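The structure file upload.pdb is reproduced below (PDB, C-alpha atoms and all ligand atoms).
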```pdb
MODEL        1
ATOM      1  CA  MET A   1      50.899 -58.011 -29.629  1.00  0.00           C
ATOM      2  CA  ALA A   2      48.225 -59.253 -32.000  1.00  0.00           C
ATOM      3  CA  LEU A   3      44.688 -60.037 -30.993  1.00  0.00           C
ATOM      4  CA  ALA A   4      43.216 -63.349 -32.045  1.00  0.00           C
ATOM      5  CA  TYR A   5      39.776 -62.572 -33.437  1.00  0.00           C
ATOM      6  CA  ASN A   6      37.437 -65.498 -33.527  1.00  0.00           C
ATOM      7  CA  HIS A   7      35.507 -64.862 -36.709  1.00  0.00           C
ATOM      8  CA  VAL A   8      34.062 -66.824 -39.569  1.00  0.00           C
ATOM      9  CA  GLU A   9      33.864 -65.876 -43.195  1.00  0.00           C
ATOM     10  CA  ILE A  10      30.370 -65.026 -44.332  1.00  0.00           C
ATOM     11  CA  THR A  11      28.935 -65.360 -47.813  1.00  0.00           C
ATOM     12  CA  PRO A  12      26.444 -63.078 -49.581  1.00  0.00           C
ATOM     13  CA  ARG A  13      22.785 -64.016 -49.382  1.00  0.00           C
ATOM     14  CA  GLU A  14      21.292 -64.978 -52.707  1.00  0.00           C
ATOM     15  CA  LEU A  15      19.127 -62.484 -54.524  1.00  0.00           C
ATOM     16  CA  LYS A  16      15.446 -63.448 -54.613  1.00  0.00           C
ATOM     17  CA  PRO A  17      14.263 -63.940 -58.225  1.00  0.00           C
ATOM     18  CA  ALA A  18      11.444 -61.426 -57.601  1.00  0.00           C
ATOM     19  CA  LEU A  19      14.080 -58.691 -57.234  1.00  0.00           C
ATOM     20  CA  LEU A  20      14.808 -58.931 -60.952  1.00  0.00           C
ATOM     21  CA  GLU A  21      11.193 -58.130 -61.824  1.00  0.00           C
ATOM     22  CA  LEU A  22      10.390 -55.070 -59.753  1.00  0.00           C
ATOM     23  CA  GLU A  23       8.029 -52.360 -60.924  1.00  0.00           C
ATOM     24  CA  GLY A  24      10.007 -49.240 -61.751  1.00  0.00           C
ATOM     25  CA  ILE A  25      13.386 -50.487 -60.504  1.00  0.00           C
ATOM     26  CA  SER A  26      15.165 -52.196 -63.387  1.00  0.00           C
ATOM     27  CA  ARG A  27      16.965 -55.504 -63.445  1.00  0.00           C
ATOM     28  CA  GLU A  28      20.088 -53.622 -64.522  1.00  0.00           C
ATOM     29  CA  THR A  29      19.927 -51.477 -61.387  1.00  0.00           C
ATOM     30  CA  VAL A  30      19.301 -54.424 -59.071  1.00  0.00           C
ATOM     31  CA  GLU A  31      22.088 -56.546 -60.571  1.00  0.00           C
ATOM     32  CA  ALA A  32      24.600 -53.702 -60.264  1.00  0.00           C
ATOM     33  CA  HIS A  33      23.354 -52.992 -56.749  1.00  0.00           C
ATOM     34  CA  TYR A  34      23.751 -56.641 -55.730  1.00  0.00           C
ATOM     35  CA  LYS A  35      27.397 -56.521 -56.846  1.00  0.00           C
ATOM     36  CA  LEU A  36      27.995 -53.655 -54.416  1.00  0.00           C
ATOM     37  CA  TYR A  37      26.485 -55.772 -51.635  1.00  0.00           C
ATOM     38  CA  GLN A  38      28.806 -58.657 -52.536  1.00  0.00           C
ATOM     39  CA  GLY A  39      31.672 -56.186 -52.222  1.00  0.00           C
ATOM     40  CA  TYR A  40      30.643 -55.250 -48.667  1.00  0.00           C
ATOM     41  CA  VAL A  41      30.659 -58.938 -47.698  1.00  0.00           C
ATOM     42  CA  SER A  42      34.120 -59.579 -49.128  1.00  0.00           C
ATOM     43  CA  LYS A  43      35.555 -56.433 -47.540  1.00  0.00           C
ATOM     44  CA  ARG A  44      34.079 -57.405 -44.147  1.00  0.00           C
ATOM     45  CA  ASN A  45      35.850 -60.745 -44.411  1.00  0.00           C
ATOM     46  CA  GLU A  46      39.081 -59.114 -45.541  1.00  0.00           C
ATOM     47  CA  ILE A  47      39.052 -56.537 -42.731  1.00  0.00           C
ATOM     48  CA  LEU A  48      38.429 -59.144 -40.030  1.00  0.00           C
ATOM     49  CA  THR A  49      41.287 -61.240 -41.397  1.00  0.00           C
ATOM     50  CA  LYS A  50      43.584 -58.218 -41.221  1.00  0.00           C
ATOM     51  CA  LEU A  51      42.376 -57.319 -37.724  1.00  0.00           C
ATOM     52  CA  ALA A  52      43.509 -60.742 -36.544  1.00  0.00           C
ATOM     53  CA  GLU A  53      47.056 -59.699 -37.430  1.00  0.00           C
ATOM     54  CA  VAL A  54      46.951 -56.044 -36.437  1.00  0.00           C
ATOM     55  CA  ASP A  55      49.546 -54.534 -34.114  1.00  0.00           C
ATOM     56  CA  LEU A  56      47.651 -53.319 -31.036  1.00  0.00           C
ATOM     57  CA  GLY A  57      50.773 -51.571 -29.784  1.00  0.00           C
ATOM     58  CA  SER A  58      50.601 -49.000 -32.590  1.00  0.00           C
ATOM     59  CA  ALA A  59      46.981 -47.968 -31.891  1.00  0.00           C
ATOM     60  CA  ASN A  60      46.620 -44.224 -32.480  1.00  0.00           C
ATOM     61  CA  GLN A  61      43.623 -41.938 -32.933  1.00  0.00           C
ATOM     62  CA  VAL A  62      45.198 -39.842 -35.723  1.00  0.00           C
ATOM     63  CA  TYR A  63      46.116 -42.817 -37.851  1.00  0.00           C
ATOM     64  CA  SER A  64      46.799 -46.440 -37.118  1.00  0.00           C
ATOM     65  CA  ASP A  65      46.075 -49.723 -38.816  1.00  0.00           C
ATOM     66  CA  LEU A  66      43.711 -50.625 -35.990  1.00  0.00           C
ATOM     67  CA  ARG A  67      41.780 -47.366 -36.370  1.00  0.00           C
ATOM     68  CA  ALA A  68      41.518 -47.596 -40.169  1.00  0.00           C
ATOM     69  CA  LEU A  69      40.384 -51.212 -40.081  1.00  0.00           C
ATOM     70  CA  LYS A  70      37.823 -50.682 -37.321  1.00  0.00           C
ATOM     71  CA  VAL A  71      36.329 -47.531 -38.862  1.00  0.00           C
ATOM     72  CA  ASP A  72      35.932 -49.131 -42.268  1.00  0.00           C
ATOM     73  CA  LEU A  73      34.647 -52.368 -40.756  1.00  0.00           C
ATOM     74  CA  THR A  74      31.584 -50.394 -39.631  1.00  0.00           C
ATOM     75  CA  PHE A  75      31.071 -49.216 -43.228  1.00  0.00           C
ATOM     76  CA  ALA A  76      31.339 -52.772 -44.555  1.00  0.00           C
ATOM     77  CA  ILE A  77      29.034 -54.263 -41.913  1.00  0.00           C
ATOM     78  CA  GLY A  78      26.570 -51.412 -42.334  1.00  0.00           C
ATOM     79  CA  GLY A  79      26.579 -52.084 -46.064  1.00  0.00           C
ATOM     80  CA  ILE A  80      25.807 -55.745 -45.438  1.00  0.00           C
ATOM     81  CA  LYS A  81      23.008 -55.215 -42.933  1.00  0.00           C
ATOM     82  CA  ASN A  82      21.396 -52.335 -44.813  1.00  0.00           C
ATOM     83  CA  HIS A  83      21.319 -54.213 -48.105  1.00  0.00           C
ATOM     84  CA  GLU A  84      20.117 -57.481 -46.599  1.00  0.00           C
ATOM     85  CA  LEU A  85      17.111 -55.572 -45.259  1.00  0.00           C
ATOM     86  CA  TYR A  86      16.656 -53.700 -48.528  1.00  0.00           C
ATOM     87  CA  PHE A  87      16.727 -56.723 -50.832  1.00  0.00           C
ATOM     88  CA  GLU A  88      14.700 -58.904 -48.468  1.00  0.00           C
ATOM     89  CA  HIS A  89      11.725 -56.560 -48.138  1.00  0.00           C
ATOM     90  CA  LEU A  90      11.401 -55.669 -51.824  1.00  0.00           C
ATOM     91  CA  GLY A  91       9.550 -57.853 -54.311  1.00  0.00           C
ATOM     92  CA  GLY A  92       6.086 -57.319 -52.826  1.00  0.00           C
ATOM     93  CA  GLY A  93       3.025 -55.443 -53.925  1.00  0.00           C
ATOM     94  CA  GLY A  94       3.356 -52.256 -51.897  1.00  0.00           C
ATOM     95  CA  GLY A  95       0.080 -50.625 -50.889  1.00  0.00           C
ATOM     96  CA  ASP A  96      -0.660 -49.868 -47.264  1.00  0.00           C
ATOM     97  CA  PRO A  97       1.178 -51.774 -44.548  1.00  0.00           C
ATOM     98  CA  SER A  98      -0.872 -54.585 -43.038  1.00  0.00           C
ATOM     99  CA  GLY A  99      -0.766 -56.539 -39.806  1.00  0.00           C
ATOM    100  CA  VAL A 100       1.016 -55.481 -36.646  1.00  0.00           C
ATOM    101  CA  PHE A 101       3.422 -53.247 -38.586  1.00  0.00           C
ATOM    102  CA  GLY A 102       0.505 -51.359 -40.099  1.00  0.00           C
ATOM    103  CA  ALA A 103      -1.055 -50.947 -36.657  1.00  0.00           C
ATOM    104  CA  VAL A 104       2.179 -49.690 -35.095  1.00  0.00           C
ATOM    105  CA  VAL A 105       2.697 -47.263 -37.993  1.00  0.00           C
ATOM    106  CA  LYS A 106      -0.780 -45.801 -37.413  1.00  0.00           C
ATOM    107  CA  ARG A 107      -0.207 -45.603 -33.672  1.00  0.00           C
ATOM    108  CA  ASP A 108       3.186 -43.879 -33.910  1.00  0.00           C
ATOM    109  CA  PHE A 109       2.710 -41.639 -36.971  1.00  0.00           C
ATOM    110  CA  GLY A 110      -1.039 -41.019 -36.843  1.00  0.00           C
ATOM    111  CA  SER A 111      -1.658 -42.506 -40.277  1.00  0.00           C
ATOM    112  CA  VAL A 112      -0.020 -44.548 -42.999  1.00  0.00           C
ATOM    113  CA  ASP A 113       0.146 -41.458 -45.220  1.00  0.00           C
ATOM    114  CA  ALA A 114       1.938 -39.493 -42.508  1.00  0.00           C
ATOM    115  CA  TRP A 115       4.497 -42.301 -42.072  1.00  0.00           C
ATOM    116  CA  ARG A 116       5.052 -42.566 -45.814  1.00  0.00           C
ATOM    117  CA  ALA A 117       5.401 -38.794 -46.212  1.00  0.00           C
ATOM    118  CA  ASP A 118       7.896 -38.597 -43.351  1.00  0.00           C
ATOM    119  CA  LEU A 119       9.992 -41.523 -44.633  1.00  0.00           C
ATOM    120  CA  LYS A 120       9.995 -40.094 -48.163  1.00  0.00           C
ATOM    121  CA  ALA A 121      11.084 -36.675 -46.889  1.00  0.00           C
ATOM    122  CA  THR A 122      13.744 -38.308 -44.714  1.00  0.00           C
ATOM    123  CA  GLY A 123      14.982 -40.143 -47.809  1.00  0.00           C
ATOM    124  CA  LEU A 124      15.158 -36.868 -49.723  1.00  0.00           C
ATOM    125  CA  ALA A 125      17.051 -35.278 -46.836  1.00  0.00           C
ATOM    126  CA  GLY A 126      19.539 -38.130 -46.446  1.00  0.00           C
ATOM    127  CA  ARG A 127      22.657 -38.835 -48.474  1.00  0.00           C
ATOM    128  CA  GLY A 128      22.518 -42.601 -48.207  1.00  0.00           C
ATOM    129  CA  TRP A 129      19.674 -44.091 -46.205  1.00  0.00           C
ATOM    130  CA  ALA A 130      16.413 -43.580 -44.399  1.00  0.00           C
ATOM    131  CA  TRP A 131      15.147 -46.217 -41.989  1.00  0.00           C
ATOM    132  CA  THR A 132      11.945 -46.849 -40.123  1.00  0.00           C
ATOM    133  CA  ALA A 133      13.185 -48.397 -36.910  1.00  0.00           C
ATOM    134  CA  TYR A 134      11.659 -49.454 -33.612  1.00  0.00           C
ATOM    135  CA  ASP A 135      13.313 -47.798 -30.618  1.00  0.00           C
ATOM    136  CA  TRP A 136      13.093 -50.271 -27.742  1.00  0.00           C
ATOM    137  CA  ASP A 137      13.730 -47.625 -25.087  1.00  0.00           C
ATOM    138  CA  GLU A 138      10.968 -45.331 -26.319  1.00  0.00           C
ATOM    139  CA  GLY A 139       8.726 -48.179 -27.441  1.00  0.00           C
ATOM    140  CA  ARG A 140       7.930 -46.562 -30.771  1.00  0.00           C
ATOM    141  CA  LEU A 141       8.823 -46.274 -34.447  1.00  0.00           C
ATOM    142  CA  PHE A 142      10.843 -43.377 -35.839  1.00  0.00           C
ATOM    143  CA  ASN A 143      12.221 -42.576 -39.291  1.00  0.00           C
ATOM    144  CA  TYR A 144      15.966 -42.195 -38.908  1.00  0.00           C
ATOM    145  CA  ILE A 145      18.341 -40.574 -41.419  1.00  0.00           C
ATOM    146  CA  GLY A 146      21.655 -41.929 -42.715  1.00  0.00           C
ATOM    147  CA  ASP A 147      24.363 -40.336 -44.845  1.00  0.00           C
ATOM    148  CA  ALA A 148      26.437 -43.488 -45.294  1.00  0.00           C
ATOM    149  CA  GLN A 149      26.355 -47.202 -44.529  1.00  0.00           C
ATOM    150  CA  ASN A 150      27.552 -46.480 -40.995  1.00  0.00           C
ATOM    151  CA  THR A 151      25.780 -43.229 -40.128  1.00  0.00           C
ATOM    152  CA  PHE A 152      23.732 -42.510 -38.006  1.00  0.00           C
ATOM    153  CA  PRO A 153      22.522 -45.615 -36.214  1.00  0.00           C
ATOM    154  CA  VAL A 154      20.888 -45.207 -32.814  1.00  0.00           C
ATOM    155  CA  TRP A 155      21.575 -47.797 -30.133  1.00  0.00           C
ATOM    156  CA  ASN A 156      18.809 -50.196 -29.241  1.00  0.00           C
ATOM    157  CA  ALA A 157      16.683 -49.417 -32.268  1.00  0.00           C
ATOM    158  CA  THR A 158      15.834 -52.128 -34.781  1.00  0.00           C
ATOM    159  CA  PRO A 159      15.409 -51.201 -38.462  1.00  0.00           C
ATOM    160  CA  LEU A 160      12.278 -52.552 -40.145  1.00  0.00           C
ATOM    161  CA  VAL A 161      12.238 -50.563 -43.395  1.00  0.00           C
ATOM    162  CA  ALA A 162      15.509 -49.658 -45.121  1.00  0.00           C
ATOM    163  CA  LEU A 163      15.270 -47.118 -47.930  1.00  0.00           C
ATOM    164  CA  ASP A 164      18.495 -46.883 -49.928  1.00  0.00           C
ATOM    165  CA  VAL A 165      18.870 -43.388 -51.397  1.00  0.00           C
ATOM    166  CA  TYR A 166      22.444 -43.656 -52.617  1.00  0.00           C
ATOM    167  CA  GLU A 167      22.460 -42.679 -56.289  1.00  0.00           C
ATOM    168  CA  HIS A 168      23.463 -46.212 -57.286  1.00  0.00           C
ATOM    169  CA  ALA A 169      19.966 -47.287 -56.200  1.00  0.00           C
ATOM    170  CA  TYR A 170      18.165 -45.208 -58.823  1.00  0.00           C
ATOM    171  CA  PHE A 171      20.371 -43.205 -61.197  1.00  0.00           C
ATOM    172  CA  ILE A 172      20.062 -45.659 -64.116  1.00  0.00           C
ATOM    173  CA  ASP A 173      16.264 -45.581 -63.869  1.00  0.00           C
ATOM    174  CA  TYR A 174      15.519 -42.049 -62.714  1.00  0.00           C
ATOM    175  CA  ALA A 175      18.689 -39.955 -63.160  1.00  0.00           C
ATOM    176  CA  THR A 176      18.394 -37.335 -60.416  1.00  0.00           C
ATOM    177  CA  ASP A 177      14.669 -37.828 -59.787  1.00  0.00           C
ATOM    178  CA  ARG A 178      15.021 -39.445 -56.399  1.00  0.00           C
ATOM    179  CA  ALA A 179      11.421 -38.716 -55.418  1.00  0.00           C
ATOM    180  CA  SER A 180      10.079 -40.952 -58.201  1.00  0.00           C
ATOM    181  CA  TYR A 181      12.468 -43.721 -57.172  1.00  0.00           C
ATOM    182  CA  ILE A 182      11.198 -43.491 -53.588  1.00  0.00           C
ATOM    183  CA  ASP A 183       7.629 -43.870 -54.889  1.00  0.00           C
ATOM    184  CA  ALA A 184       8.754 -47.010 -56.749  1.00  0.00           C
ATOM    185  CA  PHE A 185      10.423 -48.287 -53.578  1.00  0.00           C
ATOM    186  CA  PHE A 186       7.140 -48.018 -51.675  1.00  0.00           C
ATOM    187  CA  ALA A 187       5.265 -49.712 -54.542  1.00  0.00           C
ATOM    188  CA  ASN A 188       7.539 -52.768 -54.282  1.00  0.00           C
ATOM    189  CA  LEU A 189       7.632 -53.191 -50.511  1.00  0.00           C
ATOM    190  CA  ASP A 190       6.662 -56.608 -49.169  1.00  0.00           C
ATOM    191  CA  TYR A 191       4.875 -55.975 -45.873  1.00  0.00           C
ATOM    192  CA  ASP A 192       4.615 -59.704 -45.160  1.00  0.00           C
ATOM    193  CA  VAL A 193       8.410 -59.711 -44.830  1.00  0.00           C
ATOM    194  CA  VAL A 194       8.310 -56.664 -42.544  1.00  0.00           C
ATOM    195  CA  ASN A 195       5.597 -58.278 -40.425  1.00  0.00           C
ATOM    196  CA  ASP A 196       7.670 -61.453 -40.140  1.00  0.00           C
ATOM    197  CA  TRP A 197      10.470 -59.339 -38.640  1.00  0.00           C
ATOM    198  CA  VAL A 198       8.002 -57.559 -36.333  1.00  0.00           C
ATOM    199  CA  GLN A 199       6.758 -60.928 -35.079  1.00  0.00           C
ATOM    200  CA  ARG A 200      10.242 -62.359 -34.697  1.00  0.00           C
ATOM    201  CA  TYR A 201      11.366 -59.340 -32.658  1.00  0.00           C
ATOM    202  CA  GLY A 202       8.221 -59.421 -30.541  1.00  0.00           C
ATOM    203  CA  ILE A 203       7.108 -55.880 -31.342  1.00  0.00           C
ATOM    204  CA  LYS A 204       3.520 -55.418 -30.163  1.00  0.00           C
ATOM    205  CA  ALA A 205       0.814 -53.087 -31.431  1.00  0.00           C
TER     206      ALA A 205
HETATM  207 FE    FE B 301      22.935 -49.540 -51.918  1.00  0.00          FE
ENDMDL
END
```
Would you put the structure from the file into structure tokens?
Ligand SMILES: [Fe+2]
Amino acid sequence: MALAYNHVEITPRELKPALLELEGISRETVEAHYKLYQGYVSKRNEILTKLAEVDLGSANQVYSDLRALKVDLTFAIGGIKNHELYFEHLGGGGGDPSGVFGAVVKRDFGSVDAWRADLKATGLAGRGWAWTAYDWDEGRLFNYIGDAQNTFPVWNATPLVALDVYEHAYFIDYATDRASYIDAFFANLDYDVVNDWVQRYGIKA
């Protein structure tokens, strides 16, 4: 028996022109990085197409087509969502976070410097991502760690800052000096974008 998935193909979002003129993150890096994002979109579409044909009767936890497709679908979708956040909130002037996001950062971390230091350390400790996310159950921000596109999300938390620490994000520009790349990431953050998300989600200071 096959399951009829009702899904639509999605297309990659366009790269904002400002992303090609970042301070300390080269155009070469961003263009190569964008190609990886396009790959996540096409694999998501491919996996969902295959899931529409998959044999549910052979489902098995050791190996089955259903298992392989569903596990790797989370990697593809994670890659899409993570990179859409990442590209969207770069291209700004960095500095200290303003607006409601700045206020919530100060409330939940004590200071902007403490938030930045914790997110940077989380990025150094992770193997793929670090996120500042708002946990709706606890009503606060926390810096979460990720080793891959699909680890380790926490239910009912909404990411607001997505720091990509995969080597593809910085190796051309910084070789193994991830700390300097993270500094450049902060210097290019667009807090107006983050505050737009905060407003849209209804997060209050
Ligand atoms: Fe990436």
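For range 122-135 of chain A, the non-local neighbours within 8 Å, defined as residues at least 4 positions apart in the same chain or in other chains and counting all atoms listed in the file, are A:Asp118, A:Gly139, A:Arg140, A:Leu141, A:Phe142, A:Asn143, A:Tyr144, A:Ile145, A:Gly146, A:Asp147, A:Ala148, A:Gln149, A:Asn156, A:Ala157, A:Thr158, A:Pro159, A:Leu160, A:Val161, A:Ala162, A:Leu163, A:Asp164, A:Val165, A:Tyr166, A:Arg178, A:Ala179, A:Ile182.
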Contact table range 51-144 of chain A vs range 7-29 of chain A, cut-off 8 Å, shortest pair per residue, only C-alpha atoms, as JSON lines:
```
{"residue": "A:Glu84", "atom": "CA", "partner": "A:Arg13", "partner_atom": "CA", "distance": 7.6}
{"residue": "A:Phe87", "atom": "CA", "partner": "A:Leu19", "partner_atom": "CA", "distance": 7.2}
{"residue": "A:Glu88", "atom": "CA", "partner": "A:Lys16", "partner_atom": "CA", "distance": 7.7}
{"residue": "A:Leu90", "atom": "CA", "partner": "A:Leu19", "partner_atom": "CA", "distance": 6.8}
{"residue": "A:Gly91", "atom": "CA", "partner": "A:Ala18", "partner_atom": "CA", "distance": 5.2}
```
I'd like the box whose edges run along x, y and z of the file and which contains every listed atom of range 64-83 of chain A, padded by 3 Å per side; could you state its centre and edge lengths in Å, one decimal, as JSON?
```
{"center_x": 34.1, "center_y": -51.1, "center_z": -42.0, "size_x": 31.5, "size_y": 15.3, "size_z": 18.1}
```
Check your understanding: Do you have the CA of Val193 in chain A-CA of Lys81 in chain A distance handy?
Key -> 15.4 Å
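With all atoms listed in the file as the basis for measurement, A:Glu167 is the residue among A:Glu167, A:Asp108, A:Glu31, A:Asp96 that approaches ligand FE 301 (chain B) most closely.
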Check your understanding: Please, what distance in Å, to one decimal, runs between CA of Leu36 in chain A and CA of Gly94 in chain A?
Key -> 24.8 Å
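Closest approach to Lys120 in chain A from the set A:Leu85, A:Ala175, A:Ala184, A:Ile77 is made by A:Ala184, with distances taken over all atoms listed in the file.
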Practice item. Give the answer as one residue: which of A:Ser180, A:Asp196, A:Arg107, A:Lys35 has the shortest atom-to-atom distance to ligand FE 301 (chain B), using all atoms listed in the file? Key: A:Lys35
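Computed from the coordinates, the CA of His168 in chain A to CA of His33 in chain A distance equals 6.8 Å.
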Practice item. Select, from A:Lys50, A:His83, A:Arg44, A:Lys70, the residue with the minimum atom-to-atom distance to ligand FE 301 (chain B), counting all atoms listed in the file. Key: A:His83
Exercise for review: I need the residue set behind the PyMOL selection byres (((chain A and resi 93) around 7) and not hetatm) for this file; please write it as a VMD selection string.
Suggested key: chain A and resid 91 to 92 94 to 95 187 to 190
Export of prior selection with C-alpha atoms as a PDB file, keeping the file's coordinate frame:
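Contents of part-v9.pdb, freshly written:
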```pdb
ATOM      1  CA  GLY A  91       9.550 -57.853 -54.311  1.00  0.00           C
ATOM      2  CA  GLY A  92       6.086 -57.319 -52.826  1.00  0.00           C
ATOM      3  CA  GLY A  94       3.356 -52.256 -51.897  1.00  0.00           C
ATOM      4  CA  GLY A  95       0.080 -50.625 -50.889  1.00  0.00           C
ATOM      5  CA  ALA A 187       5.265 -49.712 -54.542  1.00  0.00           C
ATOM      6  CA  ASN A 188       7.539 -52.768 -54.282  1.00  0.00           C
ATOM      7  CA  LEU A 189       7.632 -53.191 -50.511  1.00  0.00           C
ATOM      8  CA  ASP A 190       6.662 -56.608 -49.169  1.00  0.00           C
TER       9      ASP A 190
END
```
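Among the candidate residues A:Val41, A:Ile80, A:Val105, A:Leu66, the one lying nearest to ligand FE 301 (chain B) is A:Ile80, with distances computed using only C-alpha atoms and all ligand atoms.
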Exercise for review: With the file shown as input, list the residues that the PyMOL selection byres (((chain A and resi 74) around 12) and not hetatm) selects, as a list of chain:residue names.
Suggested key: A:Tyr40, A:Val41, A:Lys43, A:Arg44, A:Ile47, A:Leu48, A:Arg67, A:Ala68, A:Leu69, A:Lys70, A:Val71, A:Asp72, A:Leu73, A:Phe75, A:Ala76, A:Ile77, A:Gly78, A:Gly79, A:Ile80, A:Lys81, A:Asn82, A:Ala148, A:Gln149, A:Asn150, A:Thr151, A:Phe152, A:Pro153
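Nearest to Arg116 in chain A of all the residues A:Asp55, A:Gly102, A:Ser42, A:Phe171 is A:Gly102, counting all atoms listed in the file.
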Point to revise | Evaluate the PyMOL selection byres (((chain A and resi 54) around 8) and not hetatm) and report residues as number ranges by chain | key: A: 2-3, 50-53, 55-56, 65-66
